[in-house]
file entry.csv (CSV, C-alpha atoms)
chain,number,residue,atom,x,y,z
A,7,MET,CA,6.7,18.9,8.6
A,8,HIS,CA,3.7,20.9,7.2
A,9,LYS,CA,1.2,18.0,7.0
A,10,SER,CA,-1.6,16.8,9.2
A,11,PHE,CA,-1.2,13.8,11.4
A,12,SER,CA,-3.7,11.8,9.2
A,13,ASP,CA,-1.7,12.6,6.0
A,14,TYR,CA,1.5,11.6,7.8
A,15,LEU,CA,-0.1,8.3,9.0
A,16,LYS,CA,-1.4,7.6,5.5
A,17,ASP,CA,2.0,8.2,4.0
A,18,VAL,CA,3.6,5.8,6.5
A,19,ARG,CA,1.0,3.2,5.8
A,20,MET,CA,1.4,3.5,2.1
A,21,GLU,CA,5.2,3.1,2.3
A,22,LYS,CA,4.9,0.0,4.4
A,23,ALA,CA,2.2,-1.4,2.1
A,24,LYS,CA,4.6,-0.8,-0.9
A,25,GLU,CA,7.4,-2.5,0.9
A,26,LEU,CA,5.2,-5.5,1.7
A,27,LEU,CA,3.8,-5.7,-1.9
A,28,GLU,CA,7.4,-5.7,-3.2
A,29,ASN,CA,8.9,-8.2,-0.8
A,30,SER,CA,6.3,-10.6,0.4
A,31,SER,CA,3.7,-13.1,-0.9
A,32,LEU,CA,1.0,-11.6,1.3
A,33,SER,CA,-2.4,-10.8,-0.3
A,34,ALA,CA,-3.6,-7.2,-0.7
A,35,LYS,CA,-6.2,-8.0,2.0
A,36,ASP,CA,-3.6,-9.2,4.5
A,37,ILE,CA,-1.4,-6.2,3.7
A,38,ALA,CA,-4.3,-3.8,4.2
A,39,VAL,CA,-5.0,-5.2,7.6
A,40,LYS,CA,-1.3,-5.3,8.5
A,41,VAL,CA,-0.8,-1.6,7.7
A,42,GLY,CA,-4.0,-0.6,9.6
A,43,PHE,CA,-6.9,-0.6,7.1
A,44,GLN,CA,-10.0,-2.5,8.1
A,45,ASN,CA,-11.6,-2.1,4.7
A,46,VAL,CA,-9.6,-3.6,1.8
A,47,THR,CA,-11.7,-1.7,-0.7
A,48,TYR,CA,-10.8,1.6,0.9
A,49,PHE,CA,-7.2,0.5,1.1
A,50,SER,CA,-7.2,-0.2,-2.6
A,51,THR,CA,-8.8,3.2,-3.4
A,52,VAL,CA,-6.2,5.1,-1.3
A,53,PHE,CA,-3.3,3.0,-2.7
A,54,LYS,CA,-4.4,3.7,-6.3
A,55,LYS,CA,-4.8,7.4,-5.6
A,56,GLU,CA,-1.3,7.6,-4.0
A,57,THR,CA,0.6,5.4,-6.5
A,58,GLY,CA,-1.5,5.4,-9.7
A,59,LEU,CA,-1.6,1.6,-9.6
A,60,SER,CA,-3.9,-0.8,-7.8
A,61,PRO,CA,-2.1,-3.0,-5.2
A,62,ALA,CA,-2.3,-6.0,-7.7
A,63,GLU,CA,-0.7,-3.9,-10.5
A,64,TYR,CA,2.0,-2.6,-8.1
A,65,LYS,CA,2.8,-6.2,-7.0
A,66,ARG,CA,3.0,-7.4,-10.6
A,67,ALA,CA,5.5,-4.6,-11.4
A,68,PHE,CA,7.9,-6.2,-8.9
A,69,LEU,CA,7.5,-9.8,-9.8
A,70,PRO,CA,10.6,-11.4,-11.2
A,71,PRO,CA,10.4,-12.1,-14.9
A,72,ALA,CA,9.2,-15.5,-16.0
A,73,ASP,CA,11.7,-17.8,-17.7
call {"tool": "encode", "arguments": {"input": "entry.csv", "output": "structure tokens"}}
result
Amino acid sequence: MHKSFSDYLKDVRMEKAKELLENSSLSAKDIAVKVGFQNVTYFSTVFKKETGLSPAEYKRAFLPPAD
């Protein structure tokens, strides 16, 4: 596995956050808490570092096109 527990936990949290951003109407704050972050600013920083996008930008990328 070659990664620390904290890196593994972060990866699991980020995958779940991406899933929730893609498939739910929850806010970034609600998702942050749901995946185990108490501080939404820290969640956003970690999310952007991992994906290259803020949670809001990531969510917009998965919105269905407007008519």
call {"tool": "closest_residue", "arguments": {"input": "entry.csv", "among": "A:Ala23, A:Leu69, A:Leu32, A:Val18", "to": "Phe49 in chain A", "atoms": "only C-alpha atoms"}}
result
A:Ala23
call {"tool": "atom_distance", "arguments": {"input": "entry.csv", "atom1": "CA of Ala38 in chain A", "atom2": "CA of Thr57 in chain A"}}
result
14.9 Å
call {"tool": "closest_residue", "arguments": {"input": "entry.csv", "among": "A:Phe53, A:Asn45, A:Pro71, A:Gly58", "to": "Leu27 in chain A", "atoms": "only C-alpha atoms"}}
result
A:Phe53
call {"tool": "residues_around", "arguments": {"input": "entry.csv", "residues": "Val39 in chain A", "least_positions_apart": "3", "cutoff": "12 Å", "atoms": "all atoms listed in the file", "output": "JSON, numbers by chain"}}
result
{"A": [19, 22, 23, 26, 32, 33, 34, 35, 36, 42, 43, 44, 45, 46, 47, 48, 49, 50]}
call {"tool": "write_last_selection", "arguments": {"input": "entry.csv", "atoms": "C-alpha atoms", "output": "PDB file, in the coordinates of the input"}}
result
ATOM      1  CA  ARG A  19       1.000   3.200   5.800  1.00  0.00           C
ATOM      2  CA  LYS A  22       4.900   0.000   4.400  1.00  0.00           C
ATOM      3  CA  ALA A  23       2.200  -1.400   2.100  1.00  0.00           C
ATOM      4  CA  LEU A  26       5.200  -5.500   1.700  1.00  0.00           C
ATOM      5  CA  LEU A  32       1.000 -11.600   1.300  1.00  0.00           C
ATOM      6  CA  SER A  33      -2.400 -10.800  -0.300  1.00  0.00           C
ATOM      7  CA  ALA A  34      -3.600  -7.200  -0.700  1.00  0.00           C
ATOM      8  CA  LYS A  35      -6.200  -8.000   2.000  1.00  0.00           C
ATOM      9  CA  ASP A  36      -3.600  -9.200   4.500  1.00  0.00           C
ATOM     10  CA  GLY A  42      -4.000  -0.600   9.600  1.00  0.00           C
ATOM     11  CA  PHE A  43      -6.900  -0.600   7.100  1.00  0.00           C
ATOM     12  CA  GLN A  44     -10.000  -2.500   8.100  1.00  0.00           C
ATOM     13  CA  ASN A  45     -11.600  -2.100   4.700  1.00  0.00           C
ATOM     14  CA  VAL A  46      -9.600  -3.600   1.800  1.00  0.00           C
ATOM     15  CA  THR A  47     -11.700  -1.700  -0.700  1.00  0.00           C
ATOM     16  CA  TYR A  48     -10.800   1.600   0.900  1.00  0.00           C
ATOM     17  CA  PHE A  49      -7.200   0.500   1.100  1.00  0.00           C
ATOM     18  CA  SER A  50      -7.200  -0.200  -2.600  1.00  0.00           C
TER      19      SER A  50
END
call {"tool": "decode", "arguments": {"input": "entry.csv", "residues": "range 19-60 of chain A", "atoms": "N, CA and C atoms", "output": "compact mmCIF listing (two decimals), in the first residue's frame"}}
result
# COMPACT_ATOMS: atom_id res chain seq x y z
N ARG A 19 -11.56 10.14 1.92
CA ARG A 19 -12.44 11.31 2.11
C ARG A 19 -12.63 12.09 0.82
N MET A 20 -11.57 12.27 0.06
CA MET A 20 -11.67 13.03 -1.20
C MET A 20 -12.52 12.29 -2.22
N GLU A 21 -12.38 10.98 -2.30
CA GLU A 21 -13.20 10.21 -3.24
C GLU A 21 -14.69 10.31 -2.88
N LYS A 22 -15.00 10.21 -1.60
CA LYS A 22 -16.39 10.33 -1.16
C LYS A 22 -16.91 11.74 -1.42
N ALA A 23 -16.07 12.75 -1.17
CA ALA A 23 -16.48 14.14 -1.42
C ALA A 23 -16.77 14.34 -2.90
N LYS A 24 -15.93 13.80 -3.78
CA LYS A 24 -16.17 13.94 -5.22
C LYS A 24 -17.48 13.27 -5.61
N GLU A 25 -17.72 12.09 -5.06
CA GLU A 25 -18.98 11.38 -5.33
C GLU A 25 -20.18 12.22 -4.90
N LEU A 26 -20.11 12.80 -3.72
CA LEU A 26 -21.22 13.61 -3.21
C LEU A 26 -21.39 14.90 -4.03
N LEU A 27 -20.30 15.52 -4.43
CA LEU A 27 -20.38 16.73 -5.26
C LEU A 27 -21.01 16.43 -6.62
N GLU A 28 -20.71 15.26 -7.16
CA GLU A 28 -21.23 14.88 -8.47
C GLU A 28 -22.70 14.48 -8.42
N ASN A 29 -23.13 13.89 -7.30
CA ASN A 29 -24.43 13.23 -7.28
C ASN A 29 -25.41 13.72 -6.23
N SER A 30 -25.15 14.86 -5.63
CA SER A 30 -26.09 15.34 -4.62
C SER A 30 -26.20 16.86 -4.71
N SER A 31 -27.18 17.38 -4.01
CA SER A 31 -27.36 18.83 -3.96
C SER A 31 -26.82 19.41 -2.65
N LEU A 32 -26.06 18.61 -1.91
CA LEU A 32 -25.49 19.09 -0.65
C LEU A 32 -24.49 20.21 -0.90
N SER A 33 -24.40 21.12 0.05
CA SER A 33 -23.42 22.21 -0.04
C SER A 33 -22.03 21.67 0.28
N ALA A 34 -21.01 22.43 -0.09
CA ALA A 34 -19.63 22.03 0.22
C ALA A 34 -19.44 21.91 1.73
N LYS A 35 -20.08 22.78 2.48
CA LYS A 35 -19.98 22.72 3.94
C LYS A 35 -20.55 21.41 4.47
N ASP A 36 -21.73 21.03 3.98
CA ASP A 36 -22.35 19.78 4.41
C ASP A 36 -21.51 18.58 4.02
N ILE A 37 -20.94 18.62 2.83
CA ILE A 37 -20.11 17.52 2.35
C ILE A 37 -18.84 17.44 3.19
N ALA A 38 -18.23 18.58 3.49
CA ALA A 38 -17.02 18.60 4.31
C ALA A 38 -17.27 17.88 5.63
N VAL A 39 -18.36 18.21 6.29
CA VAL A 39 -18.69 17.59 7.57
C VAL A 39 -18.98 16.11 7.38
N LYS A 40 -19.71 15.78 6.34
CA LYS A 40 -20.09 14.39 6.08
C LYS A 40 -18.87 13.49 5.86
N VAL A 41 -17.82 14.01 5.24
CA VAL A 41 -16.63 13.20 4.98
C VAL A 41 -15.57 13.33 6.08
N GLY A 42 -15.86 14.10 7.14
CA GLY A 42 -14.99 14.10 8.30
C GLY A 42 -14.15 15.34 8.53
N PHE A 43 -14.41 16.41 7.81
CA PHE A 43 -13.68 17.67 8.04
C PHE A 43 -14.53 18.59 8.90
N GLN A 44 -13.95 19.13 9.94
CA GLN A 44 -14.67 20.08 10.80
C GLN A 44 -14.57 21.50 10.26
N ASN A 45 -13.53 21.77 9.50
CA ASN A 45 -13.26 23.11 9.00
C ASN A 45 -13.45 23.12 7.48
N VAL A 46 -14.47 23.82 7.00
CA VAL A 46 -14.77 23.81 5.57
C VAL A 46 -13.68 24.50 4.76
N THR A 47 -13.01 25.49 5.34
CA THR A 47 -11.91 26.15 4.63
C THR A 47 -10.76 25.17 4.40
N TYR A 48 -10.44 24.40 5.41
CA TYR A 48 -9.38 23.40 5.27
C TYR A 48 -9.80 22.34 4.25
N PHE A 49 -11.06 21.91 4.30
CA PHE A 49 -11.57 20.95 3.32
C PHE A 49 -11.38 21.50 1.91
N SER A 50 -11.76 22.74 1.69
CA SER A 50 -11.64 23.35 0.36
C SER A 50 -10.19 23.42 -0.09
N THR A 51 -9.29 23.74 0.83
CA THR A 51 -7.86 23.81 0.50
C THR A 51 -7.33 22.44 0.10
N VAL A 52 -7.66 21.41 0.88
CA VAL A 52 -7.21 20.05 0.58
C VAL A 52 -7.83 19.58 -0.72
N PHE A 53 -9.11 19.84 -0.92
CA PHE A 53 -9.81 19.41 -2.13
C PHE A 53 -9.16 20.04 -3.36
N LYS A 54 -8.88 21.34 -3.31
CA LYS A 54 -8.26 22.01 -4.45
C LYS A 54 -6.85 21.48 -4.71
N LYS A 55 -6.11 21.21 -3.65
CA LYS A 55 -4.76 20.66 -3.81
C LYS A 55 -4.82 19.29 -4.50
N GLU A 56 -5.81 18.50 -4.15
CA GLU A 56 -5.92 17.14 -4.69
C GLU A 56 -6.49 17.10 -6.11
N THR A 57 -7.44 17.98 -6.41
CA THR A 57 -8.15 17.89 -7.69
C THR A 57 -7.80 19.00 -8.68
N GLY A 58 -7.25 20.09 -8.16
CA GLY A 58 -6.98 21.24 -9.02
C GLY A 58 -8.17 22.17 -9.16
N LEU A 59 -9.29 21.81 -8.54
CA LEU A 59 -10.51 22.60 -8.60
C LEU A 59 -11.05 22.80 -7.19
N SER A 60 -11.71 23.93 -6.98
CA SER A 60 -12.41 24.12 -5.71
C SER A 60 -13.64 23.20 -5.71
